[in-house]
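Next comes final-v6.txt, with compact mmCIF, N, CA and C atoms.
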# COMPACT_ATOMS: atom_id res chain seq x y z
N MET A 1156 -47.13 62.11 12.56
CA MET A 1156 -48.02 61.08 13.04
C MET A 1156 -48.73 60.34 11.91
N LEU A 1157 -48.76 60.95 10.74
CA LEU A 1157 -49.42 60.28 9.62
C LEU A 1157 -48.61 59.09 9.12
N LEU A 1158 -47.31 59.15 9.28
CA LEU A 1158 -46.45 58.07 8.80
C LEU A 1158 -46.16 57.02 9.86
N ALA A 1159 -46.53 57.26 11.11
CA ALA A 1159 -46.22 56.33 12.19
C ALA A 1159 -46.77 54.92 11.95
N PRO A 1160 -48.02 54.77 11.51
CA PRO A 1160 -48.50 53.40 11.25
C PRO A 1160 -47.70 52.68 10.17
N LEU A 1161 -47.32 53.40 9.14
CA LEU A 1161 -46.52 52.77 8.09
C LEU A 1161 -45.12 52.45 8.57
N ALA A 1162 -44.52 53.36 9.31
CA ALA A 1162 -43.15 53.15 9.76
C ALA A 1162 -43.04 52.03 10.78
N THR A 1163 -44.08 51.81 11.56
CA THR A 1163 -44.00 50.77 12.59
C THR A 1163 -44.42 49.40 12.08
N GLU A 1164 -45.33 49.33 11.16
CA GLU A 1164 -45.84 48.04 10.72
C GLU A 1164 -45.24 47.55 9.41
N LEU A 1165 -44.71 48.42 8.60
CA LEU A 1165 -44.17 48.01 7.31
C LEU A 1165 -43.00 47.02 7.45
N PRO A 1166 -42.04 47.24 8.35
CA PRO A 1166 -40.97 46.24 8.49
C PRO A 1166 -41.49 44.88 8.96
N GLU A 1167 -42.45 44.88 9.86
CA GLU A 1167 -43.03 43.62 10.33
C GLU A 1167 -43.74 42.89 9.20
N THR A 1168 -44.48 43.62 8.41
CA THR A 1168 -45.18 43.02 7.28
C THR A 1168 -44.19 42.48 6.26
N PHE A 1169 -43.14 43.24 5.99
CA PHE A 1169 -42.12 42.80 5.03
C PHE A 1169 -41.46 41.51 5.51
N ASN A 1170 -41.12 41.45 6.80
CA ASN A 1170 -40.53 40.22 7.35
C ASN A 1170 -41.50 39.04 7.20
N SER A 1171 -42.75 39.28 7.47
CA SER A 1171 -43.74 38.19 7.36
C SER A 1171 -43.88 37.71 5.92
N VAL A 1172 -43.85 38.64 4.97
CA VAL A 1172 -43.93 38.25 3.55
C VAL A 1172 -42.70 37.40 3.18
N LEU A 1173 -41.53 37.80 3.65
CA LEU A 1173 -40.32 37.01 3.38
C LEU A 1173 -40.43 35.61 3.99
N TRP A 1174 -40.91 35.53 5.22
CA TRP A 1174 -41.04 34.23 5.87
C TRP A 1174 -42.08 33.36 5.18
N MET A 1175 -43.16 33.97 4.71
CA MET A 1175 -44.18 33.21 3.98
C MET A 1175 -43.57 32.65 2.69
N ALA A 1176 -42.76 33.46 2.01
CA ALA A 1176 -42.12 33.00 0.77
C ALA A 1176 -41.15 31.84 1.03
N ARG A 1177 -40.59 31.80 2.23
CA ARG A 1177 -39.65 30.73 2.58
C ARG A 1177 -40.35 29.55 3.24
N GLY A 1178 -41.66 29.60 3.34
CA GLY A 1178 -42.43 28.49 3.89
C GLY A 1178 -42.52 28.46 5.40
N SER A 1179 -42.17 29.54 6.06
CA SER A 1179 -42.23 29.61 7.53
C SER A 1179 -43.51 30.33 7.96
N ASP A 1180 -44.65 29.67 7.75
CA ASP A 1180 -45.93 30.29 8.06
C ASP A 1180 -46.06 30.62 9.53
N THR A 1181 -45.55 29.76 10.40
CA THR A 1181 -45.68 29.97 11.84
C THR A 1181 -44.92 31.22 12.27
N LEU A 1182 -43.72 31.42 11.75
CA LEU A 1182 -42.96 32.62 12.07
C LEU A 1182 -43.67 33.87 11.57
N ALA A 1183 -44.20 33.81 10.36
CA ALA A 1183 -44.88 34.96 9.79
C ALA A 1183 -46.11 35.34 10.61
N LEU A 1184 -46.90 34.36 10.97
CA LEU A 1184 -48.10 34.63 11.76
C LEU A 1184 -47.74 35.13 13.16
N GLY A 1185 -46.71 34.54 13.77
CA GLY A 1185 -46.26 35.00 15.09
C GLY A 1185 -45.72 36.41 15.05
N ASN A 1186 -45.02 36.76 13.98
CA ASN A 1186 -44.48 38.10 13.85
C ASN A 1186 -45.59 39.14 13.76
N ILE A 1187 -46.56 38.90 12.91
CA ILE A 1187 -47.68 39.84 12.75
C ILE A 1187 -48.51 39.90 14.03
N THR A 1188 -48.77 38.75 14.64
CA THR A 1188 -49.57 38.72 15.87
C THR A 1188 -48.88 39.49 16.98
N GLY A 1189 -47.58 39.29 17.15
CA GLY A 1189 -46.84 40.01 18.18
C GLY A 1189 -46.80 41.50 17.93
N ALA A 1190 -46.59 41.88 16.69
CA ALA A 1190 -46.56 43.31 16.36
C ALA A 1190 -47.92 43.95 16.60
N MET A 1191 -48.98 43.27 16.21
CA MET A 1191 -50.31 43.83 16.39
C MET A 1191 -50.71 43.86 17.87
N ALA A 1192 -50.26 42.88 18.64
CA ALA A 1192 -50.56 42.90 20.08
C ALA A 1192 -49.90 44.11 20.73
N PHE A 1193 -48.65 44.40 20.35
CA PHE A 1193 -47.98 45.57 20.90
C PHE A 1193 -48.66 46.85 20.44
N GLN A 1194 -48.92 46.95 19.13
CA GLN A 1194 -49.51 48.17 18.58
C GLN A 1194 -50.92 48.43 19.11
N SER A 1195 -51.63 47.39 19.52
CA SER A 1195 -52.99 47.59 20.01
C SER A 1195 -53.05 47.80 21.51
N THR A 1196 -51.91 47.78 22.20
CA THR A 1196 -51.95 47.99 23.65
C THR A 1196 -51.23 49.26 24.07
N ILE A 1197 -49.94 49.32 23.91
CA ILE A 1197 -49.16 50.45 24.43
C ILE A 1197 -49.52 51.78 23.76
N PRO A 1198 -49.41 51.92 22.43
CA PRO A 1198 -49.74 53.22 21.83
C PRO A 1198 -51.21 53.62 22.04
N VAL A 1199 -52.10 52.65 22.00
CA VAL A 1199 -53.52 52.96 22.19
C VAL A 1199 -53.77 53.46 23.61
N THR A 1200 -53.16 52.82 24.58
CA THR A 1200 -53.31 53.25 25.97
C THR A 1200 -52.79 54.67 26.16
N LEU A 1201 -51.63 54.96 25.61
CA LEU A 1201 -51.09 56.32 25.71
C LEU A 1201 -51.99 57.33 25.00
N GLY A 1202 -52.51 56.94 23.86
CA GLY A 1202 -53.42 57.83 23.13
C GLY A 1202 -54.69 58.12 23.90
N ILE A 1203 -55.25 57.10 24.53
CA ILE A 1203 -56.47 57.30 25.32
C ILE A 1203 -56.21 58.19 26.52
N LEU A 1204 -55.07 57.99 27.17
CA LEU A 1204 -54.76 58.77 28.37
C LEU A 1204 -54.44 60.23 28.08
N PHE A 1205 -53.75 60.50 26.98
CA PHE A 1205 -53.25 61.85 26.74
C PHE A 1205 -53.94 62.57 25.59
N THR A 1206 -55.14 62.16 25.23
CA THR A 1206 -55.90 62.82 24.17
C THR A 1206 -56.97 63.70 24.78
N SER A 1207 -57.19 64.85 24.16
CA SER A 1207 -58.20 65.79 24.69
C SER A 1207 -59.62 65.31 24.42
N TRP A 1208 -59.82 64.40 23.51
CA TRP A 1208 -61.12 63.85 23.17
C TRP A 1208 -62.11 64.93 22.72
N ASP A 1209 -61.62 65.82 21.89
CA ASP A 1209 -62.49 66.81 21.26
C ASP A 1209 -63.07 66.18 20.01
N LEU A 1210 -64.30 65.73 20.09
CA LEU A 1210 -64.96 65.07 18.95
C LEU A 1210 -66.09 65.93 18.39
N SER A 1211 -65.90 67.24 18.40
CA SER A 1211 -66.94 68.13 17.90
C SER A 1211 -67.09 67.96 16.39
N LEU A 1212 -68.25 68.20 15.91
CA LEU A 1212 -68.51 68.05 14.47
C LEU A 1212 -68.51 69.40 13.76
N GLN A 1213 -67.81 70.37 14.33
CA GLN A 1213 -67.71 71.68 13.70
C GLN A 1213 -66.69 71.62 12.58
N TRP A 1214 -67.12 71.95 11.38
CA TRP A 1214 -66.30 71.84 10.17
C TRP A 1214 -65.01 72.65 10.31
N GLY A 1215 -63.89 72.04 9.91
CA GLY A 1215 -62.62 72.74 9.86
C GLY A 1215 -61.87 72.79 11.17
N THR A 1216 -62.31 72.06 12.17
CA THR A 1216 -61.61 72.05 13.45
C THR A 1216 -60.91 70.70 13.64
N THR A 1217 -60.00 70.66 14.61
CA THR A 1217 -59.35 69.39 14.90
C THR A 1217 -60.33 68.40 15.50
N GLY A 1218 -61.36 68.89 16.17
CA GLY A 1218 -62.39 68.00 16.70
C GLY A 1218 -63.09 67.24 15.58
N PHE A 1219 -63.31 67.91 14.45
CA PHE A 1219 -63.93 67.25 13.30
C PHE A 1219 -63.00 66.18 12.74
N LEU A 1220 -61.69 66.49 12.69
CA LEU A 1220 -60.72 65.49 12.23
C LEU A 1220 -60.69 64.30 13.17
N ASN A 1221 -60.76 64.55 14.47
CA ASN A 1221 -60.77 63.45 15.44
C ASN A 1221 -62.01 62.58 15.26
N ALA A 1222 -63.17 63.22 15.12
CA ALA A 1222 -64.40 62.46 14.94
C ALA A 1222 -64.38 61.68 13.63
N LEU A 1223 -63.89 62.30 12.57
CA LEU A 1223 -63.80 61.62 11.28
C LEU A 1223 -62.86 60.42 11.37
N SER A 1224 -61.75 60.58 12.06
CA SER A 1224 -60.81 59.48 12.25
C SER A 1224 -61.47 58.32 12.97
N ALA A 1225 -62.22 58.61 14.02
CA ALA A 1225 -62.90 57.56 14.78
C ALA A 1225 -63.95 56.85 13.94
N VAL A 1226 -64.71 57.62 13.18
CA VAL A 1226 -65.75 57.03 12.33
C VAL A 1226 -65.13 56.14 11.26
N LEU A 1227 -64.07 56.62 10.61
CA LEU A 1227 -63.43 55.82 9.56
C LEU A 1227 -62.81 54.55 10.13
N ALA A 1228 -62.24 54.62 11.32
CA ALA A 1228 -61.68 53.43 11.95
C ALA A 1228 -62.76 52.40 12.25
N LEU A 1229 -63.90 52.86 12.76
CA LEU A 1229 -65.00 51.94 13.05
C LEU A 1229 -65.60 51.35 11.77
N VAL A 1230 -65.73 52.16 10.74
CA VAL A 1230 -66.25 51.66 9.46
C VAL A 1230 -65.30 50.62 8.87
N SER A 1231 -64.01 50.92 8.88
CA SER A 1231 -63.03 49.98 8.34
C SER A 1231 -63.03 48.67 9.12
N ALA A 1232 -63.05 48.75 10.43
CA ALA A 1232 -63.08 47.53 11.25
C ALA A 1232 -64.37 46.75 11.01
N GLY A 1233 -65.49 47.45 10.89
CA GLY A 1233 -66.76 46.77 10.62
C GLY A 1233 -66.77 46.06 9.28
N LEU A 1234 -66.20 46.69 8.27
CA LEU A 1234 -66.15 46.06 6.95
C LEU A 1234 -65.26 44.83 6.95
N VAL A 1235 -64.12 44.90 7.62
CA VAL A 1235 -63.24 43.74 7.71
C VAL A 1235 -63.93 42.62 8.48
N TYR A 1236 -64.55 42.96 9.59
CA TYR A 1236 -65.25 41.95 10.39
C TYR A 1236 -66.36 41.27 9.57
N ARG A 1237 -67.13 42.07 8.86
CA ARG A 1237 -68.22 41.51 8.05
C ARG A 1237 -67.68 40.61 6.94
N ARG A 1238 -66.58 41.03 6.33
CA ARG A 1238 -65.99 40.23 5.24
C ARG A 1238 -65.48 38.90 5.76
N VAL A 1239 -64.80 38.92 6.89
CA VAL A 1239 -64.27 37.68 7.46
C VAL A 1239 -65.39 36.76 7.90
N ARG A 1240 -66.43 37.30 8.50
CA ARG A 1240 -67.55 36.47 8.97
C ARG A 1240 -68.36 35.88 7.82
N SER A 1241 -68.35 36.53 6.67
CA SER A 1241 -69.13 36.04 5.54
C SER A 1241 -68.34 35.10 4.63
N ALA A 1242 -67.13 34.75 5.00
CA ALA A 1242 -66.28 33.93 4.14
C ALA A 1242 -66.81 32.51 3.99
N ASP A 1243 -67.39 31.92 5.04
CA ASP A 1243 -67.94 30.57 5.00
C ASP A 1243 -66.96 29.54 4.44
N GLY A 1244 -65.71 29.63 4.87
CA GLY A 1244 -64.72 28.65 4.46
C GLY A 1244 -64.09 28.94 3.10
N ARG A 1245 -64.55 29.95 2.40
CA ARG A 1245 -63.95 30.29 1.11
C ARG A 1245 -62.65 31.04 1.32
N GLU A 1246 -61.83 31.04 0.30
CA GLU A 1246 -60.55 31.75 0.37
C GLU A 1246 -60.81 33.25 0.42
N LEU A 1247 -60.08 33.94 1.28
CA LEU A 1247 -60.21 35.39 1.39
C LEU A 1247 -59.27 36.06 0.41
N ARG A 1248 -59.79 36.94 -0.40
CA ARG A 1248 -58.98 37.69 -1.36
C ARG A 1248 -58.53 39.00 -0.70
N PRO A 1249 -57.41 39.56 -1.13
CA PRO A 1249 -56.91 40.78 -0.48
C PRO A 1249 -57.67 42.06 -0.83
N ALA A 1250 -58.36 42.09 -1.96
CA ALA A 1250 -59.00 43.33 -2.40
C ALA A 1250 -59.95 43.95 -1.38
N PRO A 1251 -60.85 43.19 -0.76
CA PRO A 1251 -61.75 43.84 0.21
C PRO A 1251 -61.02 44.45 1.41
N PHE A 1252 -59.87 43.90 1.75
CA PHE A 1252 -59.14 44.41 2.90
C PHE A 1252 -58.36 45.69 2.57
N LEU A 1253 -58.18 45.96 1.29
CA LEU A 1253 -57.49 47.18 0.88
C LEU A 1253 -58.36 48.42 1.07
N LEU A 1254 -59.63 48.23 1.33
CA LEU A 1254 -60.52 49.36 1.55
C LEU A 1254 -60.07 50.18 2.75
N GLY A 1255 -59.53 49.52 3.77
CA GLY A 1255 -58.99 50.25 4.92
C GLY A 1255 -57.87 51.19 4.51
N GLY A 1256 -57.02 50.75 3.59
CA GLY A 1256 -55.96 51.61 3.08
C GLY A 1256 -56.50 52.79 2.30
N VAL A 1257 -57.56 52.55 1.54
CA VAL A 1257 -58.20 53.63 0.79
C VAL A 1257 -58.79 54.66 1.75
N LEU A 1258 -59.44 54.18 2.82
CA LEU A 1258 -59.98 55.10 3.82
C LEU A 1258 -58.87 55.88 4.50
N TYR A 1259 -57.73 55.23 4.77
CA TYR A 1259 -56.59 55.90 5.40
C TYR A 1259 -56.04 57.00 4.48
N VAL A 1260 -55.86 56.69 3.21
CA VAL A 1260 -55.35 57.69 2.26
C VAL A 1260 -56.33 58.85 2.14
N GLY A 1261 -57.62 58.55 2.12
CA GLY A 1261 -58.64 59.61 2.09
C GLY A 1261 -58.57 60.50 3.32
N PHE A 1262 -58.37 59.89 4.49
CA PHE A 1262 -58.27 60.68 5.71
C PHE A 1262 -57.02 61.55 5.69
N VAL A 1263 -55.90 61.01 5.24
CA VAL A 1263 -54.66 61.80 5.16
C VAL A 1263 -54.86 62.99 4.23
N ALA A 1264 -55.50 62.76 3.09
CA ALA A 1264 -55.76 63.86 2.15
C ALA A 1264 -56.65 64.92 2.79
N PHE A 1265 -57.70 64.48 3.48
CA PHE A 1265 -58.59 65.45 4.12
C PHE A 1265 -57.88 66.18 5.27
N ALA A 1266 -57.04 65.47 6.03
CA ALA A 1266 -56.31 66.11 7.13
C ALA A 1266 -55.37 67.18 6.59
N LEU A 1267 -54.67 66.89 5.50
CA LEU A 1267 -53.80 67.89 4.89
C LEU A 1267 -54.60 69.07 4.38
N TYR A 1268 -55.75 68.81 3.78
CA TYR A 1268 -56.63 69.89 3.32
C TYR A 1268 -57.09 70.74 4.51
N ALA A 1269 -57.49 70.09 5.59
CA ALA A 1269 -57.99 70.82 6.76
C ALA A 1269 -56.90 71.69 7.37
N VAL A 1270 -55.68 71.20 7.41
CA VAL A 1270 -54.60 71.96 8.02
C VAL A 1270 -54.10 73.05 7.09
N LEU A 1271 -53.87 72.73 5.82
CA LEU A 1271 -53.28 73.68 4.90
C LEU A 1271 -54.27 74.69 4.33
N VAL A 1272 -55.49 74.27 4.06
CA VAL A 1272 -56.47 75.16 3.43
C VAL A 1272 -57.41 75.78 4.46
N LEU A 1273 -57.97 74.94 5.32
CA LEU A 1273 -58.94 75.44 6.29
C LEU A 1273 -58.29 76.04 7.53
N GLY A 1274 -57.02 75.75 7.75
CA GLY A 1274 -56.30 76.33 8.88
C GLY A 1274 -56.60 75.66 10.21
N ALA A 1275 -57.01 74.42 10.20
CA ALA A 1275 -57.26 73.70 11.46
C ALA A 1275 -55.93 73.50 12.17
N SER A 1276 -55.93 73.72 13.47
CA SER A 1276 -54.71 73.53 14.26
C SER A 1276 -55.08 73.01 15.62
N THR A 1277 -54.09 72.62 16.37
CA THR A 1277 -54.34 72.10 17.71
C THR A 1277 -54.49 73.20 18.73
N ALA A 1278 -54.24 74.43 18.34
CA ALA A 1278 -54.34 75.54 19.30
C ALA A 1278 -55.77 75.97 19.49

Since I need it in another form, could you write the structure as structure tokens?
Amino acid sequence: MLLAPLATELPETFNSVLWMARGSDTLALGNITGAMAFQSTIPVTLGILFTSWDLSLQWGTTGFLNALSAVLALVSAGLVYRRVRSADGRELRPAPFLLGGVLYVGFVAFALYAVLVLGASTA
């Protein structure tokens, strides 16, 4: 599940980059928009329906990982929203948006630590 976001969105992003390089901005934007519309509806709905929603803050449990994931997602979305709203017509640089990737890598590292070292499991 850690690789699912990369495996599903990386080909779409690659196609969009190719189309941007060829001057097809409309195709690139439509591709990303369509992919994000799908990714934000079907998988999210299934996740909401079939998740136990254990958001306990007890260290070393899967509930802690779930809560940490939710907090990092909200922080990342808030930072992106704040950055876009503060642009005031200026060009947006990619560096501030890479913070979401840094948070994702940090979460993956902590999840591996929690499972391999702390022994957190779904049981």

Spatial neighbours of region 1220-1234 of chain A, max dist 5 Å, only N, CA and C atoms, sep filter under 4 positions, as JSON, numbers by chain: {"A": [1210, 1216, 1238]}

As a VMD selection string, which residues of chain A does DSSP assign to alpha helix (DSSP H)? chain A and resid 1159 to 1176 1180 to 1194 1197 to 1204 1217 to 1240 1254 to 1271

Point-to-point distance from atom C of Thr1168 (chain A) to CA of Gly1189 (chain A), Å rounded to tenths: 12.5 Å
